[in-house]
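A.B. asks: The structure follows.
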Amino acid sequence: MLIPFITRKKRLPDDIRPSADKPARVFAALPDPVVVTRLTDGLIVEINAAFTEVFGYAAVAAVGRTLPDLKLLQDDVHGPTFVRRLQAGETVSDMGFWSVCRDGQRRYFFVSARAFKLDGEDCVIATLRDGTDQKAMVDVLRESEERYRLLVESLPDGILIHQDGQVTFVNPAAARLFGAASASELIGRHVPDFLHPDYRDQAMEQRDLPPSGSLLPVLEQRLMRLDGSSFYADVHGAVYTDRGRQLSQVIVRDITERRTAEEDLRRSETTHRELFHANPIPVWVYERANLRFLAVNDAAIRQYGYTRAEFLSMSLGDLIPRGAALLAPSAKTTLYRRKDGTLADVEIASHDIEFEGQAACLVLAHDVTAQMRTQQALRKLSMAVEQSPVAILITDRDGRVEYVNPKFTQGSGYTLNDMLGRNADLLRSGEHPTEEAIPMWQSLRSGKQWSGELHCRHKDGSTYWEHGHITPLLDVDGTITHFVAIKEDITERKQTEEHERQRQSQLLHSARLITMGEMASAIAHELNQPLTAISNFSSVGLRRLEGQADPAKLQDLFGIIGQQALRAGEIIHGMRDFVKKRDPDRQPLNVNDVVGELAHLASIQGKASEVAIELDLDPQLPLVRADRIQIEQVLFNLIKNGIEAMEGTSSGRRIRISTRQLCPAEVEVSVADHGGGLPDPIGADIFAPFFTTKPEGMGMGLSISRSILEAHGGRLWAVPNSGGGTIFHFSLPVADEVQV
Amino acid sequence: MSGTGITGTGIVYVVDDDNVVRASLAMLIETVGLEVRSYGSSREFLDDPHRHECDCLVLDLRMPGMSGLELQSRLGSGFAAPIIFVSGHADGPTAVQAMRDGAVDFLQKPFNDQALLDRIALALERSRQRRKEVERRVLLGATDPAWCGTPPGAIAPFGSLYLQPLE
């Protein structure tokens with residue numbers, strides 16, 4: 001620029017000739033403000049027109065004052081420097097100062113000045129170029145640069161600039177990311193050093209740099225720290241040119257956390273998917289708008305028989321059996337049809353969700369078919385128990401009541417609330433010994449059932465008899481958990497039984513009276529024997545007294561008389577026992593004793609009929625439990641029958657009574673006669689009531705005998721005697737040792 | 001009840017299965033000085049070879065084994081001694097049958113001691129009469145095998161134990 005100007009100046013020397021006033025006019029016309037001050041005190045010496053225009057001060061107002069007086073070029077910082085440099089003879093160029101114009105406007109000026117000698121005095125000439133706009137621009141630029149610097153410095157993302165792979169800049173975040181104490185540690189290093197070997201090759205492939213200004217795609221990279229550890233980062237690359245150099249700027253964002261989160265999410269998704277499919281309960285998602293299935297789990301596929309593809313082409317309606325209405329969403333259970341047409345009772349739990357952006361419903365369809373069946377069965381059973389015509393009571397293992405049915409309440413007066421938690425034993429009347437309960441509990445605790453009669457007390461205080469059947473309930477281990485008692489009021493039955501027993505007792509008594517009546521003559525004879533003896537001995541005694549007999553001999557005589565009187569008494573006593581009206585009383589007894597004593601009574605009849613009674617008793621006989629008088633009655637009936645059967649026969653007039661143990665559990669008594677034997681054509685009917693072959697007979701003997709034995713758990717039967725006549729056998733059960 | 005009216009002698013046989021009754025009978029009869037031979041059963045009596053020495057037979061009607069009535073029929077007409085039946089039973093028909101078969105009397109137990117002794121006295125008298133008649137017939141040359149059965153020297157069976165301490 002300078003050289004052409006000089007060239008032109010030289011070409012036009014005539015047009016431009018210096019003159020004396022020319023410099024002054026030029027000074028005045030300069031477009032930029034110019035001021036001349038004295039170097040020593042800064043007083044303004046001269047200003048030009050532009051100065052006045054720009055600052056508003058006329059020469060009159062400005063000359064003789066300093067610039068700072070006029071609030072021009074005020075700068076406490078730069079001012080002294082500026083002055084010092086001028087004093088040192090330097091030329092100052094484009095030094096910026098703020099100034100306030102006369103109208104108050106602040107303006108920025110670039111000042112160029114140098115000292116010179118004016119009229120022998122050191123002065124300064126300064127030109128001021130208005131740089132207000134430029135200054136504003138520079139300030140903005142600086143601010144922006146500062147902002148960017150701050151941004152770069154404080155950015156959490158690492159920024160790294162490299163040229164041809166050599167690091168020229170890193171921000172603090174990058175230094176942190178790469179594990180450097182400061183940015184300077186990284187400057188000059190090679191970028192490939194920061195790449196994880198797994199990614200290095202991939203990165204190297206992209207070594208041909210794209211044109212300047214283009215952005216490289218975001219890459220997920222694994223990078224190495226200085227200490228050799230690695231981290232994942234998203235890497236943004238950009239290429240740009242700065243002062244002719246092609247630079248790469250790389251932004252590194254640590255995504256370890258994000259990756260972890262993503263990994264977690266992925267894992268969690270997998271887990272949830274697995275949970276969804278592994279759920280043993282069918283689960284599906286359907287779209288709320290059209291009920292189409294959006295997802296089904298494996299259990300649904302298994303249980304309903306459709307493939308996943310089939311399912312996903314179906315809607316919820318396809319599961320509803322024909323004819324069934326679509327249930328309200330609030331319904332808890334419903335009926336679904338499987339592919340094979342079978343129906344399933346299903347318990348529904350549904351939940352509105354958003355599934356892949358659609359309003360959907362998540363459904364858990366728990367198949368409760370088996371459960372429902374069980375429930376129905378249980379309900380049926382429970383109804384049966386509830387409405388049972390027999391009283392039912394359930395207790396826990398300690399006998400505490402957990403349940404009673406209405407029939408129980410009806411019978412006992414106690415409601416379930418009355419009984420709940422209380423011991424079932426409170427029902428017992430207590431009038432029967434508690435020891436009775438011990439075998440019951442023993443039996444039950446050992447897991448066995450128990451049946452028996454219990455004497456109970458009604459809530460109103462009255463007592464009643466019931467038959468109880470108690471069963472222990474066992475769990476799978478065989479431990480007792482409950483007892484179930486089924487009870488039946490048997491008071492009426494007991495009364496009937498008692499009535500029947502009394503009637504039977506009466507009948508037996510009558511039968512014995514009849515027997516005695518029939519025996520009257522035999523008894524009379526038996527009584528007459530001792531009476532005869534007494535009478536005779538008395539006579540003898542009297543006769544001896546007349547003849548002054550020896551008193552010692554009389555003593556014997558009276559002794560005999562006394563004995564005979566007792567003998568007569570015993571006969572009467574035995575008979576009285578036999579005919580006495582009494583209640584049956586079963587005691588353990590030896591059948592031999594019964595036979596022995598009865599033989600005495602029988603021999604009276606036997607003697608009268610001239611029949612001998614023979615005994616053949618097994619001495620090793622076990623005890624039986626029986627009513628003595630009733631067994632005597634049976635024996636007597638059989639002996640009397642035998643005697644009567646032998647009426648009219650002349651030889652073998654004897655009856656043999658034998659006892660033996662028939663088997664470990666039974667004792668047998670046999671009465672054998674040698675009479676006419678059983679009447680063949682009606683043999684089977686001899687035990688029927690009123691059956692008789694005798695004109696005077698009642699036909700009750702064998703019938704009564706049989707019922708007595710059967711009441712004792714025994715039997716009565718007859719067989720022909722091989723030597724002629726009949727043998728009657730009867731058996732009695734051996735007494736239970738525990739009961740004896 | 002005093003012992004009167006018994007005169008003369010004779011051997012009275014007693015058959016009764018009841019030991020005490022038998023003993024009392026024997027003792028009662030002995031009080032009037034008569035000899036008594038006792039038997040516990042009909043069989044025992046039949047087995048006694050001296051049974052024909054009997055002047056009067058006091059026989060229990062009902063006994064086990066062979067009854068009194070049966071014994072009477074066994075002895076038959078060859079047995080000459082009068083039979084007095086005793087019984088604890090009021091056996092009307094049996095008594096009638098016994099009397100028809102030749103019994104001299106029937107007494108129901110218990111009986112008045114004098115009644116029995118009187119009957120025995122009567123029977124002995126009858127027996128004596130009969131013996132005289134037989135002796136007369138024997139002298140006339142008539143024989144009756146019923147009186148010839150007892151071999152000489154035969155021993156009559158001993159009676160009841162009850163007799164011993166009283167003798």
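So you can find residues: chains in the structure tokens are A, B, ... in the order shown, residues in each start at 1, and ligands are numbered from 1 in order.
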Just want the 10 Å neighbourhood of Gln108 (chain B), counted on only C-alpha atoms, with same-chain residues fewer than 2 positions away dropped. Output as a list in words.
C.D. replies: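 Contacts, with the query itself left out: His525, Asn528 and Thr532 of chain A; Asp60, Leu61, Phe85, Val86, Ser87, Gly88, His89, Ala90, Asp91, Ala95, Phe106, Pro110, Phe111 and Asn112 of chain B.
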A.B. asks: Quick check: residues of chain B within 9 Å of chain A, only C-alpha atoms, returned as a ChimeraX atom specification.
C.D. replies: /B:1-3,18,20-25,27-32,62-67,87-90,108-114,165-166
A.B. asks: Name the residues in contact with Arg628 (chain A) at a cut-off of 12 Å, using only C-alpha atoms, excluding same-chain residues fewer than 4 positions from it; report them as a PyMOL selection string.
C.D. replies: chain A and resi 577-578+582-595+597-598+624+632-636+708-709+712
A.B. asks: Grab the residues selected above and save them as a PDB file, in the first residue's frame with C-alpha atoms.
C.D. replies:
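result.pdb was written with the following content:
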```
ATOM      1  CA  ASP A 577     -82.298-118.409  95.846  1.00  0.00           C
ATOM      2  CA  PHE A 578     -83.362-120.074  92.687  1.00  0.00           C
ATOM      3  CA  ARG A 582     -83.406-110.479  91.045  1.00  0.00           C
ATOM      4  CA  ASP A 583     -81.484-108.435  88.508  1.00  0.00           C
ATOM      5  CA  PRO A 584     -78.983-110.223  86.349  1.00  0.00           C
ATOM      6  CA  ASP A 585     -75.452-109.810  87.592  1.00  0.00           C
ATOM      7  CA  ARG A 586     -72.602-111.096  85.521  1.00  0.00           C
ATOM      8  CA  GLN A 587     -69.550-112.058  87.483  1.00  0.00           C
ATOM      9  CA  PRO A 588     -66.492-114.082  86.703  1.00  0.00           C
ATOM     10  CA  LEU A 589     -67.306-117.589  87.795  1.00  0.00           C
ATOM     11  CA  ASN A 590     -66.149-121.149  87.558  1.00  0.00           C
ATOM     12  CA  VAL A 591     -68.654-123.240  85.679  1.00  0.00           C
ATOM     13  CA  ASN A 592     -67.634-126.284  87.762  1.00  0.00           C
ATOM     14  CA  ASP A 593     -68.880-124.542  90.923  1.00  0.00           C
ATOM     15  CA  VAL A 594     -72.188-123.793  89.255  1.00  0.00           C
ATOM     16  CA  VAL A 595     -72.539-127.378  88.050  1.00  0.00           C
ATOM     17  CA  GLU A 597     -74.105-126.701  93.332  1.00  0.00           C
ATOM     18  CA  LEU A 598     -76.859-127.197  90.854  1.00  0.00           C
ATOM     19  CA  VAL A 624     -66.401-117.301  82.378  1.00  0.00           C
ATOM     20  CA  GLU A 632     -78.067-122.629  86.863  1.00  0.00           C
ATOM     21  CA  GLN A 633     -81.435-122.180  85.236  1.00  0.00           C
ATOM     22  CA  VAL A 634     -80.087-123.368  81.898  1.00  0.00           C
ATOM     23  CA  LEU A 635     -78.430-126.348  83.519  1.00  0.00           C
ATOM     24  CA  PHE A 636     -81.513-127.159  85.489  1.00  0.00           C
ATOM     25  CA  ILE A 708     -79.938-116.779  78.152  1.00  0.00           C
ATOM     26  CA  LEU A 709     -76.856-118.230  76.478  1.00  0.00           C
ATOM     27  CA  HIS A 712     -74.012-114.251  77.325  1.00  0.00           C
TER      28      HIS A 712
END
```
A.B. asks: Do you know which residues are at most 12 Å from region 502-508 of chain A counting only C-alpha atoms, after dropping those on the same chain fewer than 3 positions away, and could you put them as a PyMOL selection string?
C.D. replies: chain A and resi 494-499+511-515+578-585+627+629-634+637+700-708+711
A.B. asks: Please write the residues from the selection above to a file, keeping C-alpha atoms, as a PDB file, in the first residue's frame.
C.D. replies:
```pdb
ATOM      1  CA  LYS A 494     -81.445 -98.079  76.482  1.00  0.00           C
ATOM      2  CA  GLN A 495     -84.859 -97.732  78.061  1.00  0.00           C
ATOM      3  CA  THR A 496     -86.302-100.244  75.634  1.00  0.00           C
ATOM      4  CA  GLU A 497     -83.386-102.520  76.336  1.00  0.00           C
ATOM      5  CA  GLU A 498     -83.839-102.082  80.040  1.00  0.00           C
ATOM      6  CA  HIS A 499     -87.538-102.771  79.653  1.00  0.00           C
ATOM      7  CA  ALA A 511     -89.811-119.920  84.335  1.00  0.00           C
ATOM      8  CA  ARG A 512     -87.965-120.658  87.545  1.00  0.00           C
ATOM      9  CA  LEU A 513     -91.206-120.445  89.531  1.00  0.00           C
ATOM     10  CA  ILE A 514     -92.829-122.847  87.102  1.00  0.00           C
ATOM     11  CA  THR A 515     -89.841-125.148  87.406  1.00  0.00           C
ATOM     12  CA  PHE A 578     -83.362-120.074  92.687  1.00  0.00           C
ATOM     13  CA  VAL A 579     -86.789-118.478  92.554  1.00  0.00           C
ATOM     14  CA  LYS A 580     -85.816-115.150  94.030  1.00  0.00           C
ATOM     15  CA  LYS A 581     -86.651-112.214  91.800  1.00  0.00           C
ATOM     16  CA  ARG A 582     -83.406-110.479  91.045  1.00  0.00           C
ATOM     17  CA  ASP A 583     -81.484-108.435  88.508  1.00  0.00           C
ATOM     18  CA  PRO A 584     -78.983-110.223  86.349  1.00  0.00           C
ATOM     19  CA  ASP A 585     -75.452-109.810  87.592  1.00  0.00           C
ATOM     20  CA  ASP A 627     -74.944-114.617  85.712  1.00  0.00           C
ATOM     21  CA  ILE A 629     -78.559-118.037  88.560  1.00  0.00           C
ATOM     22  CA  GLN A 630     -79.236-117.848  84.840  1.00  0.00           C
ATOM     23  CA  ILE A 631     -76.611-120.472  84.093  1.00  0.00           C
ATOM     24  CA  GLU A 632     -78.067-122.629  86.863  1.00  0.00           C
ATOM     25  CA  GLN A 633     -81.435-122.180  85.236  1.00  0.00           C
ATOM     26  CA  VAL A 634     -80.087-123.368  81.898  1.00  0.00           C
ATOM     27  CA  ASN A 637     -83.695-126.958  82.368  1.00  0.00           C
ATOM     28  CA  MET A 700     -90.332-122.579  77.216  1.00  0.00           C
ATOM     29  CA  GLY A 701     -87.331-124.348  78.736  1.00  0.00           C
ATOM     30  CA  LEU A 702     -85.056-124.660  75.737  1.00  0.00           C
ATOM     31  CA  SER A 703     -86.177-121.384  74.259  1.00  0.00           C
ATOM     32  CA  ILE A 704     -85.356-119.545  77.466  1.00  0.00           C
ATOM     33  CA  SER A 705     -82.077-121.410  77.839  1.00  0.00           C
ATOM     34  CA  ARG A 706     -81.017-120.498  74.355  1.00  0.00           C
ATOM     35  CA  SER A 707     -81.814-116.814  74.833  1.00  0.00           C
ATOM     36  CA  ILE A 708     -79.938-116.779  78.152  1.00  0.00           C
ATOM     37  CA  ALA A 711     -77.253-112.994  75.803  1.00  0.00           C
TER      38      ALA A 711
END
```
A.B. asks: For each of B:Arg131, B:Arg37, B:Arg100, B:Arg136, take the minimum atom-to-atom distance to Gln72 (chain B), counting only C-alpha atoms, then give the residue where this is smallest.
C.D. replies: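 Counting only C-alpha atoms, the residue closest to Gln72 (chain B) is B:Arg100.
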A.B. asks: Any chance you could list, as number ranges by chain, the residues in region 120-301 of chain A that come up alpha helix (DSSP H) when DSSP is run on the backbone?
C.D. replies: A: 132-154, 172-177, 197-204, 256-278, 298-301
A.B. asks: Quote the spacing between CA of Glu133 (chain B) and CA of Thr9 (chain B) in Å to one decimal place.
C.D. replies: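 Taking CA of Glu133 (chain B) and CA of Thr9 (chain B), their separation equals 17.1 Å.
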A.B. asks: Tell me which protein, DNA and RNA residues are within 8 Å of Ser127 (chain B), counting only C-alpha atoms, leaving out same-chain ones fewer than 5 positions away, and put them as a PyMOL selection string.
C.D. replies: chain B and resi 55-56+80-82
A.B. asks: So which residues touch region 19-23 of chain A within 12 Å, counting only C-alpha atoms, skipping near sequence neighbours fewer than 6 positions away, as an mmCIF file with C-alpha atoms, in the first residue's frame?
C.D. replies:
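File produced: around-v1.cif:
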```cif
data_model
loop_
_atom_site.group_PDB
_atom_site.id
_atom_site.type_symbol
_atom_site.label_atom_id
_atom_site.label_comp_id
_atom_site.auth_asym_id
_atom_site.auth_seq_id
_atom_site.Cartn_x
_atom_site.Cartn_y
_atom_site.Cartn_z
ATOM 1 C CA ALA A 29 -9.260 18.855 8.326
ATOM 2 C CA LEU A 30 -8.018 15.544 9.613
ATOM 3 C CA ASN A 48 -8.754 19.856 15.461
#
```
A.B. asks: For the structure I just gave you, how does DSSP split region 11-78 of chain A - specifically, which residues are strand (DSSP E or B)? Reply as a PyMOL selection string.
C.D. replies: chain A and resi 34-38+43-47+66+74
A.B. asks: Write out as a list in words which residues come within 10 Å of Gly42 (chain A) when counting only C-alpha atoms, dropping same-chain ones fewer than 3 positions away.
C.D. replies: Val36, Thr37, Arg38, Leu39, Val45, Gly64, Arg65, Thr66, Leu67, Pro68, Val83, Cys123 and Val124 of chain A
